[in-house]
Amino acid sequence: MAMSLAEGCHVILSKHQREIRRELRKLYRKLPAIFPVKLRWGKHQTAHATCNLDRKKKQFNLLIDPTTHPAQWLDLLIHEYAHALSWTHASDAKDTRWPDHGPLWGVAYARVYQVVSGDK
Ligand SMILES: [Zn+2]
């Protein structure tokens, strides 16, 4: 499982990381997902960023790899937040009739992009 920097007690976030947190707070205020969205910084085996729903804790966990370039982080946040926003039972079930980046996700992505870009 991915090691998370955010789990340490004395984590010092970079300026760019704090900006991403600020964007996440803004997103959650303007476009709340059905559960709180927690952001952690850590590496994943196959992806630069991931979104998962922890049904026990009733929270979404977003993970961004801090070794990726900071210029990518906002795009990664938008992409993963759109997963949180468009999450369905089909997402839990990995139901391939509803692909990860299908129409539901696409609409959510457009909404998230609007908020982040300040159009709405
Ligand atoms: Zn995705």
# chains A, B, ... in the order shown; residues from 1 in each chain; ligands from 1
>>> select_by_dssp(residues="range 7-63 of chain A", states="helix (DSSP H, G or I)", output="MDAnalysis selection string")
chainID A and resid 7 15:30
>>> residues_around(residues="Gly102 in chain A", least_positions_apart="3", cutoff="12 Å", atoms="only C-alpha atoms", output="PyMOL selection string")
chain A and resi 82-83+86-87+90-91+95-99+105-109
>>> closest_atom_pairs(of="chain A", to="ligand 1", cutoff="7 Å", atoms="only C-alpha atoms and all ligand atoms", output="JSON lines")
{"residue": "A:His79", "atom": "CA", "partner": "ligand 1", "partner_atom_place_in_ligand_line": "1 (Zn)", "distance": 6.1}
{"residue": "A:Glu80", "atom": "CA", "partner": "ligand 1", "partner_atom_place_in_ligand_line": "1 (Zn)", "distance": 6.1}
{"residue": "A:His83", "atom": "CA", "partner": "ligand 1", "partner_atom_place_in_ligand_line": "1 (Zn)", "distance": 6.6}
{"residue": "A:Asp100", "atom": "CA", "partner": "ligand 1", "partner_atom_place_in_ligand_line": "1 (Zn)", "distance": 6.1}
{"residue": "A:His101", "atom": "CA", "partner": "ligand 1", "partner_atom_place_in_ligand_line": "1 (Zn)", "distance": 6.0}
>>> residues_around(residues="range 66-73 of chain A", least_positions_apart="2", cutoff="9 Å", atoms="only C-alpha atoms", output="ChimeraX atom specification")
/A:5,16-17,20,41-43,48-49,64,75-78
>>> write_last_selection(atoms="C-alpha atoms", output="PDB file, in the first residue's frame")
ATOM      1  CA  LEU A   5       3.580  11.621   3.881  1.00  0.00           C
ATOM      2  CA  HIS A  16       2.559  24.050  -4.099  1.00  0.00           C
ATOM      3  CA  GLN A  17       1.059  21.375  -1.877  1.00  0.00           C
ATOM      4  CA  ILE A  20      -3.521  22.173  -3.987  1.00  0.00           C
ATOM      5  CA  TRP A  41       0.622  12.653  -0.714  1.00  0.00           C
ATOM      6  CA  GLY A  42       2.201   9.347  -1.512  1.00  0.00           C
ATOM      7  CA  LYS A  43       3.325   6.993  -4.226  1.00  0.00           C
ATOM      8  CA  HIS A  48       0.345   9.274 -10.531  1.00  0.00           C
ATOM      9  CA  ALA A  49      -2.859   9.799  -8.565  1.00  0.00           C
ATOM     10  CA  ILE A  64      -1.201  12.328  -5.379  1.00  0.00           C
ATOM     11  CA  ASP A  75      -4.711  18.513 -13.301  1.00  0.00           C
ATOM     12  CA  LEU A  76      -4.372  15.402 -11.156  1.00  0.00           C
ATOM     13  CA  LEU A  77      -6.611  16.945  -8.498  1.00  0.00           C
ATOM     14  CA  ILE A  78      -9.280  17.868 -11.065  1.00  0.00           C
TER      15      ILE A  78
END
>>> atom_distance(atom1="CA of Arg29 in chain A", atom2="CA of Arg55 in chain A")
21.3 Å
>>> atom_distance(atom1="CA of Gln114 in chain A", atom2="CA of Leu13 in chain A")
26.2 Å
>>> residues_around(residues="His44 in chain A", least_positions_apart="2", cutoff="8 Å", atoms="only C-alpha atoms", output="ChimeraX atom specification")
/A:1-2,42,46-50,63,65
>>> write_last_selection(atoms="N, CA and C atoms", output="mmCIF file, in the first residue's frame")
data_model
loop_
_atom_site.group_PDB
_atom_site.id
_atom_site.type_symbol
_atom_site.label_atom_id
_atom_site.label_comp_id
_atom_site.auth_asym_id
_atom_site.auth_seq_id
_atom_site.Cartn_x
_atom_site.Cartn_y
_atom_site.Cartn_z
ATOM 1 N N MET A 1 0.850 -1.204 0.000
ATOM 2 C CA MET A 1 0.000 0.000 0.000
ATOM 3 C C MET A 1 0.871 1.233 0.000
ATOM 4 N N ALA A 2 0.312 2.286 -0.490
ATOM 5 C CA ALA A 2 1.092 3.517 -0.644
ATOM 6 C C ALA A 2 1.438 4.131 0.708
ATOM 7 N N GLY A 42 1.475 10.608 -1.604
ATOM 8 C CA GLY A 42 2.201 9.347 -1.512
ATOM 9 C C GLY A 42 2.287 8.683 -2.869
ATOM 10 N N THR A 46 1.022 2.115 -9.746
ATOM 11 C CA THR A 46 0.808 2.212 -11.192
ATOM 12 C C THR A 46 0.263 3.552 -11.665
ATOM 13 N N ALA A 47 -0.086 4.441 -10.753
ATOM 14 C CA ALA A 47 -0.721 5.692 -11.184
ATOM 15 C C ALA A 47 -0.076 6.889 -10.492
ATOM 16 N N HIS A 48 -0.154 8.039 -11.148
ATOM 17 C CA HIS A 48 0.345 9.274 -10.531
ATOM 18 C C HIS A 48 -0.597 9.773 -9.442
ATOM 19 N N ALA A 49 -1.868 9.369 -9.552
ATOM 20 C CA ALA A 49 -2.859 9.799 -8.565
ATOM 21 C C ALA A 49 -4.019 8.806 -8.599
ATOM 22 N N THR A 50 -4.721 8.704 -7.471
ATOM 23 C CA THR A 50 -5.846 7.778 -7.404
ATOM 24 C C THR A 50 -6.969 8.396 -6.561
ATOM 25 N N LEU A 63 -5.092 10.391 -3.579
ATOM 26 C CA LEU A 63 -3.657 10.236 -3.397
ATOM 27 C C LEU A 63 -2.953 10.872 -4.591
ATOM 28 N N ASP A 65 0.950 11.564 -6.097
ATOM 29 C CA ASP A 65 2.374 11.239 -5.973
ATOM 30 C C ASP A 65 3.184 12.538 -5.925
#
>>> closest_residue(among="A:Val115, A:Ala84, A:Leu24, A:Ile34", to="Cys51 in chain A", atoms="only C-alpha atoms")
A:Ala84
>>> closest_residue(among="A:Arg18, A:Arg25, A:Lys57, A:Lys30", to="Asp119 in chain A", atoms="only C-alpha atoms")
A:Lys30
>>> select_by_dssp(residues="chain A", states="strand (DSSP E or B)", output="PyMOL selection string")
chain A and resi 4+37-42+49-54+59-64
>>> atom_distance(atom1="CA of Glu19 in chain A", atom2="CA of Lys56 in chain A")
28.9 Å
>>> closest_residue(among="A:His89, A:Arg22, A:Arg111, A:Lys58", to="Val37 in chain A", atoms="only C-alpha atoms")
A:Lys58
